[in-house]
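Novice: Quick one: the structure is below, questions incoming.
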Amino acid sequence: MLMLMLVAAVTMWLRPLVTAQLCRSRTVRTGKVFNVIQDVQGDRLYFQPTTTRLIKHPCEKNIALYLGKQVFFTMDNFETSLLPFTIPTSMQVGVPEVTSAHFAGSLLLLVVDQKVYIYDYENNSWSMSLGIKHPVTHVSGDNCCYTGSLFCVHVSNLVFAYFRGDQISQTHIYYSNTGGFSFWKYHYDRQAEIIGSLGGIFHFFSLSQVAMLVVNQGKGMFKYSDHPLNRSFGLSFDYNGTLDILIAPGQRGILLLWFENSLLFSHNAGQLVDTVRVKKGDQTLFSSIFEANITIHSIAVTENELAVITREDNLYYGNLGIVPSSIIKFADQYIWSEEVALMFRNPGTLEILTPVRDTAFPAFDFQKCLVNIQALLMDPELHVGKCKIEVLTGEFIYRMYTIDMHSQLELTASLIPQPGTSLIPLVMVSNPHSLGFQATFYENGYTSDGNTKYKLDIFLKQQQHWGRTDSNFTSSLKRATMSTLTVDIANKEISCVDIKPLSTLISVGCDLDKKIVIQNKVTACSMGILDPLTLQDNYSFIIEKEFYHPGFQGQQSSEDLHVFYSYQQLGCPLLVYYDTLWKPVVELWRKDSFQEVIDAEYVLLEVNGQFSYSYSLTAQSAMCTSQPQNWTTMIKEFGGPFFWNRENYVSCHDPNNNAPLRWPDVQYQILGGQTANQIIFGHNGFYVFYISIVDPYYSYCQLETIFSIYVYGAFPVQLVSAGVVILLIISSILGSVWLAYKTPKLLRTARGRRIKKCATQLCRRCKTVCQFRASATARAGTEPPGRHRTPHGGRSDH
């Protein structure tokens, strides 16, 4: 008996000593100096599974949610004692069991009693999501932000709510793009035909895909939403238990699927799924967690690291590298408890967190054990190789770039290996279906101590423009996508804790610095026809009712339109002669730099509804093979003007357009592109045009603007019809002939002689009066008053 007591005493003495070798422990205890007891108000939330979860906010490092027998929400990384997390009784949740949680911006979404509730932690307020009409058990979404060294960008608010385990053909899936406030039914392509139960549904922002985990007969596989991945399932894998799925931070498409006895890994959003191996040094001890007889209690994940704590009181560590992921076991420690959870504070710094109940206060304290991973990896018993990398750096790290249509991007990285070693650099994109690259690796000098420096040049552009992939591999060129670029070392040891992969986010989409400008070399002001000072002085003009329609229907209006001219927005109008075929010269600018003259297809619409202009081509003369779109049909379809853009434009020259050419004589209203279509104006005046680039293959941006022109040179509009004018002319000619015939006969009569005598006397008197007035004017040296015409006609007010 004495011997047993001695052994027990030695064991208790060694326990804190061994623990100290693993980590430094401390207890967070705050707010309990004064005898003030806070009451727990509301319904206390709890998490049913025997494992624990610690969900960190993807952007805000100090915000996290702990799920266990108690639920805790922190905004200071558990650096204060906390009351258990509760939901107000006014929400009437019924059973306050939490089955899932997700951060969406400044909101925390919780599934409680099969309903989705929203906690706005900035305003400390609760609400229930709208639109969900069926029970759900889980919410999921991509990590909602991309964190850089100088910024934190919220890049996705897409959230899904669903009932895990339901048959996919019958289940109800909901989505939200408002951060969880409102949900709508989500209809997956051919969902009714998918056989299996729903293991989860996720949005992979960096792959521009929605993926559904299908579970059937002990196998799992992912089904994707968009081309080209939607043509088939991902490769199947063994599905044991009910797997939770973690999307690793960094938008690289890295997945971890885990259960108590299973741990799987995917670096391409589930297309290929493999087991996480257990290694010692370079030797693989077990090919899976199940084979190693490990029971997982909690895991923690960063962009590059993985930590696992087991019920067998062991801590495992691994990195999420390119090669098949693996973990190694640290020395046996006494660290496990039912409430323990893991989280990474920084790269290479792991924190073991345990809530501690206080018998005197309702607020829980927190025991924190800080693990220095790098120090533990130096243990020779682990047989971990020395890190071969001295430097891995690139200026592009944690930045965001944009590649627009037909654009390209060049990035560089620098590498320095340890003396006597060699490195194998590896460049990866998370979405190779839309983003392609070419990399060059070469020596680039020496360091001061003689080490060889290497440089990696990476040239990127759209995958479709490399010309080396099949169309069944690439995504739709018309659709904007996202991707990450990652540079890592293929033969990197697990000891390279501080050498993180170089990663950046690339948007294959709209370059927001682009804009279009209408070339204005010849304006009405530069030619002296209009005065810019007058245009700036509240200038306005009248559009007569015969030439406009407020509904853009090409019909006469009921009254004239009074239009104020915005000089600040439009400047001086372009000058156009009415009888000349015309189209604008459209320029592409990026910030303040001219790029090119645009020859892509675009459309024009007079913003005030004027229709006194026409197009030089018809559908037939434009060589259309199908019925072209026009403003009348687009306004009818979308309920208003200004909605014709690259998203809904369909070319009449597209061989895949099956609309028959029923009216070949209609005007062809698209300018630019492969046709020589132009505009003809019918009368003088101001025109204010809206222009939109509709060619979907020119840019991902909605390039649009407004500009004005002034048309001159047209004759005044005839107020009398041509038939009436011709009748009057013929009548005048016939009348003159009749007078020429009758006048000589009339003058030979007595009445005619009297009329002739009176006319002669009248002429003499008029001549005398005129001579008198002329002599008087000459003497006075003055001129008679008169009237002067303005050089230009028209109606204007100012």
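Just remember, in the structure tokens the first chain shown is A, the second B, etc., residues are 1-based per chain, and ligands are 1-based in the order shown.
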Can you tell me, as number ranges by chain, what residues are no more than 10 Å from Ile416 in chain A when counting only C-alpha atoms, ignoring any on the same chain fewer than 5 positions away?
Specialist: A: 388-393, 421-423, 443-444, 446-447, 451-455
Novice: Go ahead and dump the residues you just picked, N, CA and C atoms, as a tab-separated table (two decimals), in the first residue's frame.
Specialist:
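File produced: result_13.tsv:
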```tsv
chain	number	residue	atom	x	y	z
A	388	LYS	N	14.21	23.81	-44.52
A	388	LYS	CA	15.16	24.12	-45.58
A	388	LYS	C	14.98	25.53	-46.15
A	389	ILE	N	13.98	26.24	-45.70
A	389	ILE	CA	13.66	27.54	-46.29
A	389	ILE	C	14.19	28.65	-45.40
A	390	GLU	N	14.95	29.54	-46.00
A	390	GLU	CA	15.41	30.73	-45.28
A	390	GLU	C	14.48	31.90	-45.53
A	391	VAL	N	14.08	32.11	-46.78
A	391	VAL	CA	13.20	33.23	-47.14
A	391	VAL	C	12.21	32.75	-48.19
A	392	LEU	N	10.95	33.12	-47.99
A	392	LEU	CA	9.90	32.97	-49.00
A	392	LEU	C	9.03	34.21	-48.90
A	393	THR	N	9.12	35.06	-49.90
A	393	THR	CA	8.42	36.34	-49.81
A	393	THR	C	7.93	36.78	-51.17
A	421	THR	N	20.81	23.03	-49.67
A	421	THR	CA	19.50	22.42	-49.89
A	421	THR	C	18.88	22.97	-51.17
A	422	SER	N	17.88	22.31	-51.63
A	422	SER	CA	17.16	22.77	-52.83
A	422	SER	C	15.66	22.77	-52.53
A	423	LEU	N	14.95	23.67	-53.18
A	423	LEU	CA	13.52	23.84	-52.96
A	423	LEU	C	12.77	23.53	-54.25
A	443	GLU	N	17.63	31.41	-61.04
A	443	GLU	CA	18.55	32.03	-60.09
A	443	GLU	C	18.58	33.54	-60.30
A	444	ASN	N	18.73	34.25	-59.18
A	444	ASN	CA	18.68	35.71	-59.25
A	444	ASN	C	19.72	36.33	-58.31
A	446	TYR	N	23.03	36.34	-55.39
A	446	TYR	CA	23.48	35.69	-54.15
A	446	TYR	C	23.29	36.65	-52.99
A	447	THR	N	23.12	36.06	-51.81
A	447	THR	CA	23.04	36.87	-50.60
A	447	THR	C	24.46	37.26	-50.16
A	451	ASN	N	24.55	32.61	-50.13
A	451	ASN	CA	23.42	31.75	-50.49
A	451	ASN	C	22.84	32.18	-51.85
A	452	THR	N	22.36	31.21	-52.60
A	452	THR	CA	21.76	31.51	-53.90
A	452	THR	C	20.34	32.03	-53.72
A	453	LYS	N	20.03	33.12	-54.40
A	453	LYS	CA	18.66	33.67	-54.40
A	453	LYS	C	17.96	33.22	-55.67
A	454	TYR	N	16.67	32.95	-55.53
A	454	TYR	CA	15.85	32.52	-56.66
A	454	TYR	C	14.66	33.46	-56.81
A	455	LYS	N	14.23	33.55	-58.05
A	455	LYS	CA	13.07	34.40	-58.34
A	455	LYS	C	12.04	33.58	-59.12
```
Novice: Need to verify the contact set: Asn630 in chain A, 10 Å, only C-alpha atoms, exclusion of same-chain residues closer than 4 positions in sequence. Can you return it as a list in words?
Specialist: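 My list of contacting residues is Val603, Met634, Ile635, Trp644, Tyr649, Val666, Gln667, Tyr668, Gln669 and Ile670 of chain A.
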Novice: Please run DSSP on the backbone and report, as number ranges by chain, all residues within range 528-603 of chain A that come out as alpha helix (DSSP H).
Specialist: A: 532-536, 567-570
Novice: May I have the residues from that selection written out with C-alpha atoms, as a JSON list (two decimals), in the first residue's frame?
Specialist:
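The resulting file, part_25.json, is reproduced below:
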```json
[["chain", "number", "residue", "atom", "x", "y", "z"],
["A", 532, "PRO", "CA", -20.67, 77.77, -72.77],
["A", 533, "LEU", "CA", -21.52, 80.62, -70.39],
["A", 534, "THR", "CA", -25.10, 80.57, -71.62],
["A", 535, "LEU", "CA", -25.31, 76.80, -71.16],
["A", 536, "GLN", "CA", -24.16, 77.13, -67.57],
["A", 567, "TYR", "CA", -23.76, 71.55, -68.09],
["A", 568, "GLN", "CA", -21.93, 70.17, -65.05],
["A", 569, "GLN", "CA", -22.82, 66.63, -66.08],
["A", 570, "LEU", "CA", -22.83, 66.92, -69.87]]
```
Novice: As an exercise, work out the distance from CA of Arg357 in chain A to CA of Arg44 in chain A in Å and give it to one decimal place.
Specialist: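 According to the coordinates, CA of Arg357 in chain A and CA of Arg44 in chain A are separated by 15.0 Å.
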Novice: At a cut-off of 9 Å, using only C-alpha atoms, what residues contact Ile289 in chain A? Leave out same-chain residues fewer than 5 positions from it and give the result as a PDB file with N, CA, C and O atoms, in the first residue's frame.
Specialist:
```
ATOM      1  N   ASN A 261     -14.016   9.728 -35.071  1.00  0.00           N
ATOM      2  CA  ASN A 261     -13.058   8.708 -35.509  1.00  0.00           C
ATOM      3  C   ASN A 261     -12.664   8.871 -36.969  1.00  0.00           C
ATOM      4  O   ASN A 261     -12.210   7.910 -37.598  1.00  0.00           O
ATOM      5  N   SER A 262     -12.816  10.055 -37.499  1.00  0.00           N
ATOM      6  CA  SER A 262     -12.497  10.268 -38.915  1.00  0.00           C
ATOM      7  C   SER A 262     -12.012  11.699 -39.117  1.00  0.00           C
ATOM      8  O   SER A 262     -12.563  12.643 -38.533  1.00  0.00           O
ATOM      9  N   LEU A 263     -10.968  11.849 -39.941  1.00  0.00           N
ATOM     10  CA  LEU A 263     -10.442  13.164 -40.280  1.00  0.00           C
ATOM     11  C   LEU A 263      -9.984  13.123 -41.738  1.00  0.00           C
ATOM     12  O   LEU A 263      -9.043  12.405 -42.085  1.00  0.00           O
ATOM     13  N   LEU A 264     -10.678  13.894 -42.589  1.00  0.00           N
ATOM     14  CA  LEU A 264     -10.406  13.921 -44.023  1.00  0.00           C
ATOM     15  C   LEU A 264     -10.009  15.327 -44.441  1.00  0.00           C
ATOM     16  O   LEU A 264     -10.319  16.317 -43.761  1.00  0.00           O
ATOM     17  N   THR A 275      -7.635  10.943 -46.663  1.00  0.00           N
ATOM     18  CA  THR A 275      -7.513  10.855 -45.210  1.00  0.00           C
ATOM     19  C   THR A 275      -6.274  11.609 -44.741  1.00  0.00           C
ATOM     20  O   THR A 275      -5.281  11.725 -45.463  1.00  0.00           O
ATOM     21  N   VAL A 276      -6.320  12.105 -43.528  1.00  0.00           N
ATOM     22  CA  VAL A 276      -5.160  12.713 -42.884  1.00  0.00           C
ATOM     23  C   VAL A 276      -4.361  11.606 -42.222  1.00  0.00           C
ATOM     24  O   VAL A 276      -4.890  10.839 -41.401  1.00  0.00           O
ATOM     25  N   ARG A 277      -3.089  11.512 -42.564  1.00  0.00           N
ATOM     26  CA  ARG A 277      -2.226  10.442 -42.075  1.00  0.00           C
ATOM     27  C   ARG A 277      -1.570  10.824 -40.746  1.00  0.00           C
ATOM     28  O   ARG A 277      -1.402  12.006 -40.450  1.00  0.00           O
ATOM     29  N   VAL A 278      -1.184   9.830 -40.003  1.00  0.00           N
ATOM     30  CA  VAL A 278      -0.441  10.031 -38.757  1.00  0.00           C
ATOM     31  C   VAL A 278       1.000   9.613 -39.014  1.00  0.00           C
ATOM     32  O   VAL A 278       1.264   8.479 -39.417  1.00  0.00           O
ATOM     33  N   ILE A 294      -7.805   6.723 -32.875  1.00  0.00           N
ATOM     34  CA  ILE A 294      -7.831   8.030 -32.217  1.00  0.00           C
ATOM     35  C   ILE A 294      -9.277   8.500 -32.134  1.00  0.00           C
ATOM     36  O   ILE A 294     -10.049   8.367 -33.082  1.00  0.00           O
ATOM     37  N   THR A 295      -9.639   9.096 -31.008  1.00  0.00           N
ATOM     38  CA  THR A 295     -10.969   9.674 -30.830  1.00  0.00           C
ATOM     39  C   THR A 295     -10.826  11.191 -30.702  1.00  0.00           C
ATOM     40  O   THR A 295     -10.333  11.695 -29.681  1.00  0.00           O
ATOM     41  N   ILE A 296     -11.225  11.913 -31.735  1.00  0.00           N
ATOM     42  CA  ILE A 296     -11.053  13.367 -31.770  1.00  0.00           C
ATOM     43  C   ILE A 296     -12.069  14.035 -30.853  1.00  0.00           C
ATOM     44  O   ILE A 296     -13.258  13.691 -30.842  1.00  0.00           O
TER      45      ILE A 296
END
```
Novice: Find the residue from A:Ile247, A:Ile709, A:Ile693, A:Ile529 that sits nearest to Val586 in chain A; use only C-alpha atoms when measuring.
Specialist: A:Ile693
Novice: Can you pull out the residues contacting range 316-321 of chain A? Cut-off 7 Å, using only C-alpha atoms, and skip same-chain residues under 3 positions away; I want them as a VMD selection string.
Specialist: chain A and resid 304 to 309 325 to 330 494
Novice: Pull N, CA, C and O atoms from the residues just selected and write them as a JSON list (two decimals), in the first residue's frame.
Specialist:
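Output below, filename result00.json:
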```json
[["chain", "number", "residue", "atom", "x", "y", "z"],
["A", 304, "ASN", "N", -2.93, 27.58, -42.61],
["A", 304, "ASN", "CA", -1.79, 26.72, -42.91],
["A", 304, "ASN", "C", -1.58, 25.63, -41.88],
["A", 304, "ASN", "O", -0.75, 24.74, -42.09],
["A", 305, "GLU", "N", -2.33, 25.65, -40.76],
["A", 305, "GLU", "CA", -2.03, 24.75, -39.64],
["A", 305, "GLU", "C", -3.28, 24.01, -39.19],
["A", 305, "GLU", "O", -4.41, 24.47, -39.37],
["A", 306, "LEU", "N", -3.03, 22.88, -38.56],
["A", 306, "LEU", "CA", -4.09, 22.03, -38.02],
["A", 306, "LEU", "C", -3.64, 21.48, -36.67],
["A", 306, "LEU", "O", -2.50, 21.03, -36.53],
["A", 307, "ALA", "N", -4.53, 21.54, -35.69],
["A", 307, "ALA", "CA", -4.25, 20.96, -34.37],
["A", 307, "ALA", "C", -5.44, 20.12, -33.95],
["A", 307, "ALA", "O", -6.60, 20.47, -34.21],
["A", 308, "VAL", "N", -5.15, 18.98, -33.31],
["A", 308, "VAL", "CA", -6.19, 18.05, -32.89],
["A", 308, "VAL", "C", -5.91, 17.63, -31.44],
["A", 308, "VAL", "O", -4.78, 17.28, -31.10],
["A", 309, "ILE", "N", -6.93, 17.67, -30.60],
["A", 309, "ILE", "CA", -6.81, 17.13, -29.25],
["A", 309, "ILE", "C", -7.77, 15.96, -29.15],
["A", 309, "ILE", "O", -8.89, 15.99, -29.64],
["A", 325, "SER", "N", -1.98, 15.69, -46.51],
["A", 325, "SER", "CA", -1.85, 16.27, -45.19],
["A", 325, "SER", "C", -1.61, 15.19, -44.14],
["A", 325, "SER", "O", -2.11, 14.07, -44.25],
["A", 326, "SER", "N", -0.85, 15.55, -43.13],
["A", 326, "SER", "CA", -0.52, 14.59, -42.07],
["A", 326, "SER", "C", -0.39, 15.34, -40.76],
["A", 326, "SER", "O", -0.24, 16.57, -40.72],
["A", 327, "ILE", "N", -0.45, 14.58, -39.68],
["A", 327, "ILE", "CA", -0.27, 15.14, -38.34],
["A", 327, "ILE", "C", 0.76, 14.29, -37.59],
["A", 327, "ILE", "O", 0.97, 13.12, -37.90],
["A", 328, "ILE", "N", 1.39, 14.93, -36.63],
["A", 328, "ILE", "CA", 2.31, 14.21, -35.76],
["A", 328, "ILE", "C", 1.84, 14.35, -34.32],
["A", 328, "ILE", "O", 1.13, 15.30, -33.97],
["A", 329, "LYS", "N", 2.23, 13.40, -33.51],
["A", 329, "LYS", "CA", 1.80, 13.37, -32.11],
["A", 329, "LYS", "C", 2.89, 13.92, -31.21],
["A", 329, "LYS", "O", 4.05, 13.51, -31.30],
["A", 330, "PHE", "N", 2.47, 14.89, -30.37],
["A", 330, "PHE", "CA", 3.39, 15.36, -29.36],
["A", 330, "PHE", "C", 3.40, 14.38, -28.18],
["A", 330, "PHE", "O", 2.58, 13.46, -28.12],
["A", 494, "ILE", "N", 7.47, 20.10, -41.81],
["A", 494, "ILE", "CA", 6.50, 20.57, -40.85],
["A", 494, "ILE", "C", 7.12, 21.57, -39.87],
["A", 494, "ILE", "O", 6.43, 22.34, -39.21]]
```
Novice: To one decimal place, how far is CA of Lys386 in chain A from CA of Glu303 in chain A in Å?
Specialist: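 Taking CA of Lys386 in chain A as the start and CA of Glu303 in chain A as the end point, the length is 21.7 Å.
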Novice: Between A:Ser90, A:Asn157, A:Gln408, A:Ser503, which residue has the minimum interatomic distance to Leu109 in chain A, considering only C-alpha atoms?
Specialist: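 Of A:Ser90, A:Asn157, A:Gln408, A:Ser503, the one nearest Leu109 in chain A, counting only C-alpha atoms, is A:Asn157.
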Novice: Would you mind reading off the distance between CA of Ala600 in chain A and CA of Phe437 in chain A, one decimal, in Å?
Specialist: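 Going from CA of Ala600 in chain A over to CA of Phe437 in chain A, I get 26.5 Å.
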Novice: For Ile680 in chain A, which residue among A:Val522, A:Leu617, A:Ile499, A:Leu561 is the nearest when counting only C-alpha atoms?
Specialist: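 Closest to Ile680 in chain A, using only C-alpha atoms: A:Leu617.
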